[in-house]
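Down below is the structure, laid out as structure tokens.
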Amino acid sequence: MKKINFTPLISSLLAILAGLVIGFLILLICNTKEAVPGFLTIIMGPFTHGLEGIGDVLYYATPLILCGTSVGFAFRTGLFNIGGSGQYLMGAFGAVYVGLMCEFLGPVQWVVALIVACILGGICGGITGALKAYFNVNEVITSIMLNYISLYFVNMTIRGNAMLFNPARNESRNIKEVAEVPQLGLDKIFSGSAVNIGIIIAIVVAIIIYIILEKTVFGYELKACGFNKNASRYAGINENKSIIYSMIIAGAICGLAGGIAYLSGTGKHIEIKDVIPAEGFNGISVALLGVSNPIAIIFSGLFIAYLTAGGFYLQLFHFSKEIIDIIIAIIIYFSAFSLLVTNIISRKSKKGKE
Amino acid sequence: MGSEYAIEMKHITIKFGNLVANDDVTLQLKKGEIHALLGENGAGKSTLMSILFGLYHADKGEIYVNGVKENITDPLVANKLGIGMVHQHFKLVENFTVLENIILGCEDEKMGLLRMDKARKKITEISSKYNFDIDLDAKIENITVGMQQRTEILKMLYRDNNILIFDEPTAVLTPNEIDEFMEILKNLKAEGKSILFISHKLDEIKKVADKCTILRLGKVVNTVNCEDCTKEQLSEMMVGRKVSLKVDKKPATPGDVVLKVRNLTIAGEKGHKDKVENVSLDVRSGEIVCIAGIDGNGQSEFVKGLTGLMKVKSGKVYLCDEDITYATVRHRNMGLMSHIPEDRHRDGLVLDYSVAKNVVLQQYFDKEFSKSGFLDKNEILKYTHQIMKEYDIRSSNGEYTICRAMSGGNQQKIITGREMTKPHKLMIAVQPTRGLDVGAIEYIHKKIVELRDRGIAVLLVSFELEEVMNLADKILVMYEGQIVGKFDPKTVDLNELGLYMAGSKRMNLEVA
């Protein structure tokens, strides 16, 4: 009885195809001779480096899947979480803080660190949600502003604390190995790569979010508010509460992404600079390509990570790795565009029924 | 130019996906004739008129205007051919004056400056010819719906349109305004205009139309001379079966007071007067109390106050002797109140949810439909299936159909079915049959009477006098936020009721 709607899948695949074709054209323009091997590298990229390459894809995919899930989840509940970067940074800060200051926790240190990351990210999202719920301030504006507030808060706090700050490199101190997110043998399988259980956490979170949205009473309420605030009120749902919960969860997921990224033992430190991390914005792209479906977001996150990893190898052929960003951007453009087209088509056919 | 027909639409066919909206439809409008287009919801009336006005393009068929074959690609072409259309929802700029609205799109200008005097002269002439009695400098937002409609008519006349299309012109008018509108139609006809109007009100069609074309499921059933047909015959042709326009019901047997409202006042927007003033009324079990009145006299706000969607300024609301004035919406829902809201898209349904999810909109969290936080899909589907069967809700994909893709009639049935099935003692229904066709109206009316006979208290708000007269055991008239009259439907005179609705008469009532 239940028909599955394939339109979003088709539109995403079309977008990917269009992005790759145009990417190839760009390669041709830049360097005609090496365009074909360069293009093959993008497509085959990570596989040419065996399991290490795949491990790297999984590593890159972790924050993308989490931030994508965050944005997608918020979007399904009628909210646009553009503050993922700030939440990510707050999460990173929380994790680094616990990682550096709470050695007494022993083997559970990384777990506590990630929980603190979720809490800080959640607070950051919750502020946005509360402002929207009680004062009707648009979440896009507040979450963008909170990106900057988070950035400068983190900079200020780290610089002001000698236990956290490494003045020689103008960044946060190194985290001891015990506090890192464990690799749990993944480093043995994908030897040479930085992959850790973050990827498993990310996939589990995406699946949980999917279940919450599709199967639970809680998800039913959140989505109802997102679709139709008035009907939700009519049904007796407290829409203010729903908005705040949505944003807290979205923020916590981004915070978790930040926590995992900075406890990975890959030499990633919170640098004191005036640049907002890109991960939150990348999450928007991933969510868009995955049409806000958490399960699809796992795949779109993996796909973007795959392209990014391939982009590094592109440098072997004298291309600059930014080309891969252009290709990703084109794919995102097309996926937004093809969604528009499918929407127009379905709206037209609906009009006819009236 | 020699043709006797102003409009001939021949063998028009248009498909939207799998749906054939118009199937080989032929319609001929004689010059100087009033031609009605009658049909159920979704019969294809509006589609046909939209094709004539250039909003849609027919897949097959031809259109002749004054005997000449024309290709009407968009409304501008239609306008050039002298075809004008008044849409069901007026297309007026709220904060422009009547005059500005009329000339909008064909303004006179001199060196970039707007010149109104010529237009004003012409419009004044037209307006006095038809006794329109309209203030050209009043802003649209400040005039009545009837006047707004006249503005729309003036717009067409100013553009020298000779073929006038009206889409359900009387749906929004008061009884008096309808009479005046009928006069206007006759005058326009006398001036040689050719008129097409869409309606599903049989009275009006009998009153003014010369010919009537009946559409059903996209096909022409018949074109008849209105004089030769009775109302019953018309409605039978429209629905395809015999329809009783009168509801059979036994006398009411009112029991205990279920809903008790005392001195309810609801504030208006800042700086405006109260929307509802000091309303007191009782609704007993086993009776249908109708609130009649013209749209916009505080009925919506009153109901929102009762259902908890709007804050109450003062006064008390009791449901089965419990004070629910400040109770949450959920408490009221669970406290045995059912509510069929006025705006089904805005309040009644989450359009992007499936039928099944909408059917449990107020009950999804209930033990019956959820287990430890997870929705119980099987129970929900079973319940939905039962309601869909009982209320004859049709959809392409069964319980999984997304409501947005369904017709208005079926959407309304989902809400009606949901509210009538869920446990309740009080039913508050606002315009429950708005936009439905005769067959569906008959069905819902029957159901409402059934509820009453089961001992449910029914509070019905309706802007349709016929509905009020058919269903009510007690009629209350609301005017400017107050209850100004209380009548027994068996003895009330319609004209009398109209006077109360228009505010020219009032009773002093302690508790209605």
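Residues in the structure tokens are numbered from 1 in each chain, the chains being A, B, ... in the order shown, and ligands are numbered from 1 in the order shown.
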Who sits within 7 Å of Ser194 in chain B, only C-alpha atoms, same chain under 2 positions skipped, as an mmCIF file with all heavy atoms, in the first residue's frame:
```cif
data_model
loop_
_atom_site.group_PDB
_atom_site.id
_atom_site.type_symbol
_atom_site.label_atom_id
_atom_site.label_comp_id
_atom_site.auth_asym_id
_atom_site.auth_seq_id
_atom_site.Cartn_x
_atom_site.Cartn_y
_atom_site.Cartn_z
ATOM 1 N N ALA B 6 -21.914 34.847 -27.495
ATOM 2 C CA ALA B 6 -20.782 35.637 -27.023
ATOM 3 C C ALA B 6 -19.581 34.721 -26.824
ATOM 4 O O ALA B 6 -18.457 35.061 -27.172
ATOM 5 C CB ALA B 6 -21.134 36.335 -25.712
ATOM 6 N N LYS B 31 -25.472 35.985 -26.295
ATOM 7 C CA LYS B 31 -25.284 37.386 -25.940
ATOM 8 C C LYS B 31 -26.463 37.841 -25.087
ATOM 9 O O LYS B 31 -27.612 37.509 -25.373
ATOM 10 C CB LYS B 31 -25.195 38.236 -27.200
ATOM 11 C CG LYS B 31 -23.827 38.094 -27.858
ATOM 12 C CD LYS B 31 -23.712 38.924 -29.119
ATOM 13 C CE LYS B 31 -22.337 38.678 -29.725
ATOM 14 N NZ LYS B 31 -22.271 39.070 -31.125
ATOM 15 N N GLY B 32 -26.158 38.600 -24.077
ATOM 16 C CA GLY B 32 -27.212 39.144 -23.231
ATOM 17 C C GLY B 32 -27.902 38.117 -22.359
ATOM 18 O O GLY B 32 -29.035 38.312 -21.930
ATOM 19 N N GLU B 33 -27.220 37.032 -22.074
ATOM 20 C CA GLU B 33 -27.843 35.955 -21.307
ATOM 21 C C GLU B 33 -27.107 35.778 -19.974
ATOM 22 O O GLU B 33 -25.920 36.060 -19.871
ATOM 23 C CB GLU B 33 -27.733 34.668 -22.138
ATOM 24 C CG GLU B 33 -28.072 33.388 -21.424
ATOM 25 C CD GLU B 33 -27.837 32.173 -22.329
ATOM 26 O OE1 GLU B 33 -26.690 31.711 -22.451
ATOM 27 O OE2 GLU B 33 -28.811 31.689 -22.912
ATOM 28 N N ILE B 34 -27.840 35.348 -18.958
ATOM 29 C CA ILE B 34 -27.179 34.955 -17.719
ATOM 30 C C ILE B 34 -27.136 33.440 -17.692
ATOM 31 O O ILE B 34 -28.177 32.777 -17.731
ATOM 32 C CB ILE B 34 -27.926 35.479 -16.471
ATOM 33 C CG1 ILE B 34 -27.965 36.998 -16.494
ATOM 34 C CG2 ILE B 34 -27.223 34.987 -15.197
ATOM 35 C CD1 ILE B 34 -28.642 37.604 -15.285
ATOM 36 N N ASN B 162 -17.522 42.991 -21.865
ATOM 37 C CA ASN B 162 -18.913 42.653 -22.155
ATOM 38 C C ASN B 162 -19.292 41.259 -21.710
ATOM 39 O O ASN B 162 -20.450 40.905 -21.664
ATOM 40 C CB ASN B 162 -19.174 42.792 -23.658
ATOM 41 C CG ASN B 162 -19.302 44.242 -24.034
ATOM 42 O OD1 ASN B 162 -19.968 45.005 -23.343
ATOM 43 N ND2 ASN B 162 -18.617 44.634 -25.094
ATOM 44 N N ILE B 163 -18.269 40.463 -21.431
ATOM 45 C CA ILE B 163 -18.526 39.101 -20.991
ATOM 46 C C ILE B 163 -18.010 38.995 -19.563
ATOM 47 O O ILE B 163 -16.816 39.173 -19.319
ATOM 48 C CB ILE B 163 -17.821 38.091 -21.912
ATOM 49 C CG1 ILE B 163 -18.353 38.253 -23.336
ATOM 50 C CG2 ILE B 163 -18.034 36.679 -21.407
ATOM 51 C CD1 ILE B 163 -17.423 37.749 -24.391
ATOM 52 N N LEU B 164 -18.896 38.789 -18.629
ATOM 53 C CA LEU B 164 -18.507 38.838 -17.225
ATOM 54 C C LEU B 164 -18.606 37.458 -16.597
ATOM 55 O O LEU B 164 -19.622 36.774 -16.720
ATOM 56 C CB LEU B 164 -19.408 39.811 -16.453
ATOM 57 C CG LEU B 164 -19.635 41.177 -17.124
ATOM 58 C CD1 LEU B 164 -20.558 42.034 -16.260
ATOM 59 C CD2 LEU B 164 -18.322 41.908 -17.365
ATOM 60 N N LYS B 189 -27.516 42.540 -17.359
ATOM 61 C CA LYS B 189 -28.093 41.807 -18.481
ATOM 62 C C LYS B 189 -28.900 42.758 -19.373
ATOM 63 O O LYS B 189 -28.784 42.720 -20.593
ATOM 64 C CB LYS B 189 -28.984 40.695 -17.936
ATOM 65 C CG LYS B 189 -29.644 39.863 -19.004
ATOM 66 C CD LYS B 189 -30.590 38.861 -18.350
ATOM 67 C CE LYS B 189 -31.655 38.444 -19.330
ATOM 68 N NZ LYS B 189 -32.689 37.637 -18.687
ATOM 69 N N GLY B 192 -27.115 44.513 -21.886
ATOM 70 C CA GLY B 192 -26.572 43.712 -22.973
ATOM 71 C C GLY B 192 -25.312 42.946 -22.646
ATOM 72 O O GLY B 192 -24.656 42.410 -23.523
ATOM 73 N N LEU B 196 -21.599 34.829 -17.094
ATOM 74 C CA LEU B 196 -21.447 33.434 -16.683
ATOM 75 C C LEU B 196 -21.249 33.432 -15.192
ATOM 76 O O LEU B 196 -20.396 34.175 -14.696
ATOM 77 C CB LEU B 196 -20.183 32.857 -17.316
ATOM 78 C CG LEU B 196 -20.306 32.123 -18.640
ATOM 79 C CD1 LEU B 196 -18.919 31.876 -19.186
ATOM 80 C CD2 LEU B 196 -21.052 30.822 -18.487
#
```
Kindly assemble as CSV a list of the range 170-284 of chain A residues that lie within 12 Å of range 294-305 of chain B, each paired with its nearest atom pair and their distance in Å to one decimal, using only C-alpha atoms, sorted first by chain and then by ascending residue number.
```
residue,atom,partner,partner_atom,distance
A:Asn230,CA,B:Lys304,CA,11.9
A:Arg233,CA,B:Lys304,CA,11.3
A:Tyr234,CA,B:Lys304,CA,9.5
```
Check: In terms of the shortest atom-to-atom distance over only C-alpha atoms, which of B:Gln386, B:Ser395, B:Ser127, B:Asn508 is closest to chain A?
Finding: B:Ser395
Notebook entry, point to check: range 120-351 of chain A: which residues are strand (DSSP E) by DSSP, as a PyMOL selection string?
Noted result: chain A and resi 165-166+171-172
Would you mind exporting the chosen residues as an mmCIF file, in the first residue's frame, restricted to N, CA, C and O atoms?
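See selection-v9.cif below for the written result:
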```cif
data_model
loop_
_atom_site.group_PDB
_atom_site.id
_atom_site.type_symbol
_atom_site.label_atom_id
_atom_site.label_comp_id
_atom_site.auth_asym_id
_atom_site.auth_seq_id
_atom_site.Cartn_x
_atom_site.Cartn_y
_atom_site.Cartn_z
ATOM 1 N N PHE A 165 45.715 27.189 27.438
ATOM 2 C CA PHE A 165 46.290 27.961 26.344
ATOM 3 C C PHE A 165 47.753 27.618 26.121
ATOM 4 O O PHE A 165 48.537 27.529 27.064
ATOM 5 N N ASN A 166 48.102 27.409 24.895
ATOM 6 C CA ASN A 166 49.491 27.206 24.508
ATOM 7 C C ASN A 166 49.962 28.455 23.790
ATOM 8 O O ASN A 166 49.745 28.601 22.585
ATOM 9 N N GLU A 171 47.157 28.518 20.468
ATOM 10 C CA GLU A 171 46.030 27.599 20.327
ATOM 11 C C GLU A 171 45.868 26.812 21.625
ATOM 12 O O GLU A 171 46.659 26.983 22.571
ATOM 13 N N SER A 172 44.892 25.934 21.681
ATOM 14 C CA SER A 172 44.691 25.151 22.886
ATOM 15 C C SER A 172 45.798 24.101 23.014
ATOM 16 O O SER A 172 46.423 23.716 22.017
#
```
Margin query: List as a list in words the protein and nucleic acid residues near Arg330 in chain B, meaning an atom at most 8 Å away when only C-alpha atoms are counted, but skip any in the same chain fewer than 4 places from it.
Written below: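 The residues that qualify are Ala235, Gly236 and Ile237 of chain A; Met334 and Gln362 of chain B.
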Any chance you could export the current selection's all heavy atoms as a short mmCIF file (atom, residue, chain, number, x, y, z; two decimals), in the first residue's frame?
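Now in part09.cif:
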```cif
data_model
loop_
_atom_site.label_atom_id
_atom_site.label_comp_id
_atom_site.auth_asym_id
_atom_site.auth_seq_id
_atom_site.Cartn_x
_atom_site.Cartn_y
_atom_site.Cartn_z
N ALA A 235 -4.35 21.23 18.26
CA ALA A 235 -4.30 19.86 18.78
C ALA A 235 -3.85 19.82 20.23
O ALA A 235 -3.80 18.76 20.83
CB ALA A 235 -3.36 19.02 17.91
N GLY A 236 -3.51 20.97 20.79
CA GLY A 236 -3.12 21.01 22.19
C GLY A 236 -1.64 20.77 22.42
O GLY A 236 -1.22 20.48 23.53
N ILE A 237 -0.84 20.89 21.36
CA ILE A 237 0.61 20.71 21.52
C ILE A 237 1.20 22.05 21.95
O ILE A 237 0.81 23.10 21.44
CB ILE A 237 1.24 20.26 20.19
CG1 ILE A 237 0.70 18.90 19.78
CG2 ILE A 237 2.76 20.20 20.30
CD1 ILE A 237 1.04 18.47 18.37
N MET B 334 -9.25 16.80 25.94
CA MET B 334 -9.44 15.59 26.71
C MET B 334 -10.68 15.73 27.58
O MET B 334 -11.25 14.75 28.01
CB MET B 334 -8.23 15.31 27.62
CG MET B 334 -6.92 15.19 26.87
SD MET B 334 -7.04 14.14 25.44
CE MET B 334 -7.10 12.55 26.23
N GLN B 362 -5.28 14.80 18.01
CA GLN B 362 -5.37 15.15 19.44
C GLN B 362 -5.19 13.95 20.34
O GLN B 362 -5.27 14.05 21.54
CB GLN B 362 -6.73 15.78 19.76
CG GLN B 362 -7.00 17.07 19.04
CD GLN B 362 -8.09 16.88 18.04
OE1 GLN B 362 -8.19 15.84 17.42
NE2 GLN B 362 -8.93 17.88 17.87
#
```
Next item on the list: Find the residues near Lys10 in chain B: any atom within 8 Å, counting only C-alpha atoms, skip ones fewer than 2 places away on the same chain, and give them as a PyMOL selection string.
Entry: chain B and resi 8+12+24-27+61-63
Please produce a file of those selected residues containing N, CA and C atoms, as a JSON list (two decimals), in the first residue's frame.
```json
[["chain", "number", "residue", "atom", "x", "y", "z"],
["B", 8, "GLU", "N", -18.40, 30.56, -27.11],
["B", 8, "GLU", "CA", -18.64, 29.15, -27.35],
["B", 8, "GLU", "C", -17.37, 28.40, -26.99],
["B", 12, "ILE", "N", -13.96, 21.03, -24.84],
["B", 12, "ILE", "CA", -12.79, 21.33, -24.01],
["B", 12, "ILE", "C", -12.41, 20.12, -23.17],
["B", 24, "ASP", "N", -14.39, 16.84, -22.61],
["B", 24, "ASP", "CA", -15.25, 17.14, -23.75],
["B", 24, "ASP", "C", -16.41, 18.06, -23.36],
["B", 25, "VAL", "N", -16.07, 19.16, -22.72],
["B", 25, "VAL", "CA", -17.11, 20.08, -22.24],
["B", 25, "VAL", "C", -17.44, 21.10, -23.33],
["B", 26, "THR", "N", -18.70, 21.26, -23.60],
["B", 26, "THR", "CA", -19.14, 22.28, -24.55],
["B", 26, "THR", "C", -20.10, 23.22, -23.83],
["B", 27, "LEU", "N", -19.82, 24.51, -23.98],
["B", 27, "LEU", "CA", -20.62, 25.51, -23.27],
["B", 27, "LEU", "C", -20.88, 26.66, -24.22],
["B", 61, "GLY", "N", -9.80, 21.14, -27.73],
["B", 61, "GLY", "CA", -10.99, 21.97, -27.78],
["B", 61, "GLY", "C", -10.71, 23.37, -28.27],
["B", 62, "GLU", "N", -11.79, 24.07, -28.58],
["B", 62, "GLU", "CA", -11.67, 25.41, -29.16],
["B", 62, "GLU", "C", -12.55, 26.39, -28.42],
["B", 63, "ILE", "N", -12.12, 27.65, -28.44],
["B", 63, "ILE", "CA", -12.91, 28.70, -27.83],
["B", 63, "ILE", "C", -13.23, 29.75, -28.90]]
```
Note to self: Going by DSSP on the backbone, which residues of range 142-235 of chain A come out as alpha helix (DSSP H)? List them as a count of residues only.
What the structure shows: 57
Next item on the list: Skip range 341-343 of chain B itself and residues of its chain fewer than 2 positions away, then list as number ranges by chain all residues within 8 Å of it, counting only C-alpha atoms.
Entry: B: 300, 339, 345-348, 429-432
Keeping all heavy atoms, export the residues of the selection given above as a compact mmCIF listing (two decimals), in the first residue's frame.
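Just written: part24.txt:
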```
# COMPACT_ATOMS: atom_id res chain seq x y z
N SER B 300 -15.76 33.97 15.10
CA SER B 300 -14.50 33.23 15.14
C SER B 300 -13.81 33.41 16.47
O SER B 300 -13.32 32.46 17.07
CB SER B 300 -13.56 33.71 14.04
OG SER B 300 -14.22 33.76 12.82
N HIS B 339 -14.05 19.98 18.27
CA HIS B 339 -14.07 21.28 17.61
C HIS B 339 -13.77 21.10 16.12
O HIS B 339 -12.70 20.64 15.76
CB HIS B 339 -13.01 22.17 18.29
CG HIS B 339 -12.78 23.48 17.60
ND1 HIS B 339 -11.61 24.19 17.72
CD2 HIS B 339 -13.57 24.22 16.79
CE1 HIS B 339 -11.69 25.30 17.00
NE2 HIS B 339 -12.87 25.34 16.44
N HIS B 345 -7.45 24.35 6.70
CA HIS B 345 -6.03 24.29 6.36
C HIS B 345 -5.17 24.90 7.45
O HIS B 345 -4.08 24.45 7.73
CB HIS B 345 -5.76 25.02 5.03
CG HIS B 345 -6.29 24.27 3.87
ND1 HIS B 345 -6.36 24.80 2.62
CD2 HIS B 345 -6.78 23.01 3.78
CE1 HIS B 345 -6.88 23.90 1.80
NE2 HIS B 345 -7.14 22.82 2.49
N ARG B 346 -5.68 25.95 8.05
CA ARG B 346 -4.88 26.66 9.03
C ARG B 346 -4.84 25.89 10.35
O ARG B 346 -3.78 25.67 10.91
CB ARG B 346 -5.47 28.05 9.24
CG ARG B 346 -4.66 28.94 10.13
CD ARG B 346 -5.27 30.34 10.16
NE ARG B 346 -4.61 31.12 11.19
CZ ARG B 346 -5.01 31.16 12.45
NH1 ARG B 346 -6.05 30.45 12.83
NH2 ARG B 346 -4.37 31.88 13.33
N ASP B 347 -6.03 25.48 10.80
CA ASP B 347 -6.10 24.89 12.14
C ASP B 347 -6.40 23.40 12.16
O ASP B 347 -5.96 22.68 13.04
CB ASP B 347 -7.20 25.59 12.96
CG ASP B 347 -6.88 27.05 13.18
OD1 ASP B 347 -5.71 27.35 13.46
OD2 ASP B 347 -7.78 27.89 13.06
N GLY B 348 -7.19 22.96 11.20
CA GLY B 348 -7.77 21.63 11.33
C GLY B 348 -6.86 20.48 10.98
O GLY B 348 -7.01 19.39 11.49
N ALA B 429 -18.87 23.33 16.12
CA ALA B 429 -18.59 23.23 14.69
C ALA B 429 -18.74 24.60 14.06
O ALA B 429 -19.76 25.26 14.22
CB ALA B 429 -19.55 22.24 14.04
N VAL B 430 -17.70 25.04 13.37
CA VAL B 430 -17.76 26.33 12.68
C VAL B 430 -17.77 26.05 11.19
O VAL B 430 -16.84 25.44 10.66
CB VAL B 430 -16.54 27.20 13.03
CG1 VAL B 430 -16.71 28.59 12.44
CG2 VAL B 430 -16.35 27.27 14.53
N GLN B 431 -18.81 26.49 10.52
CA GLN B 431 -18.92 26.32 9.09
C GLN B 431 -18.54 24.90 8.65
O GLN B 431 -17.66 24.74 7.78
CB GLN B 431 -17.97 27.31 8.39
CG GLN B 431 -18.40 28.74 8.52
CD GLN B 431 -19.42 29.10 7.47
OE1 GLN B 431 -20.60 28.76 7.58
NE2 GLN B 431 -19.00 29.77 6.43
N PRO B 432 -19.15 23.90 9.23
CA PRO B 432 -18.66 22.54 8.94
C PRO B 432 -18.85 22.13 7.49
O PRO B 432 -18.22 21.19 7.06
CB PRO B 432 -19.52 21.66 9.87
CG PRO B 432 -20.74 22.45 10.12
CD PRO B 432 -20.32 23.89 10.10
```
Note to self: Distance cut-off 8 Å, counting only C-alpha atoms - which residues of chain B neighbour chain A? Return them as a ChimeraX atom specification.
What the structure shows: /B:15-17,19,21,42,309,328-331,333,346-353,361-362,364-365,370,373-375,397-398,400,405,407-408
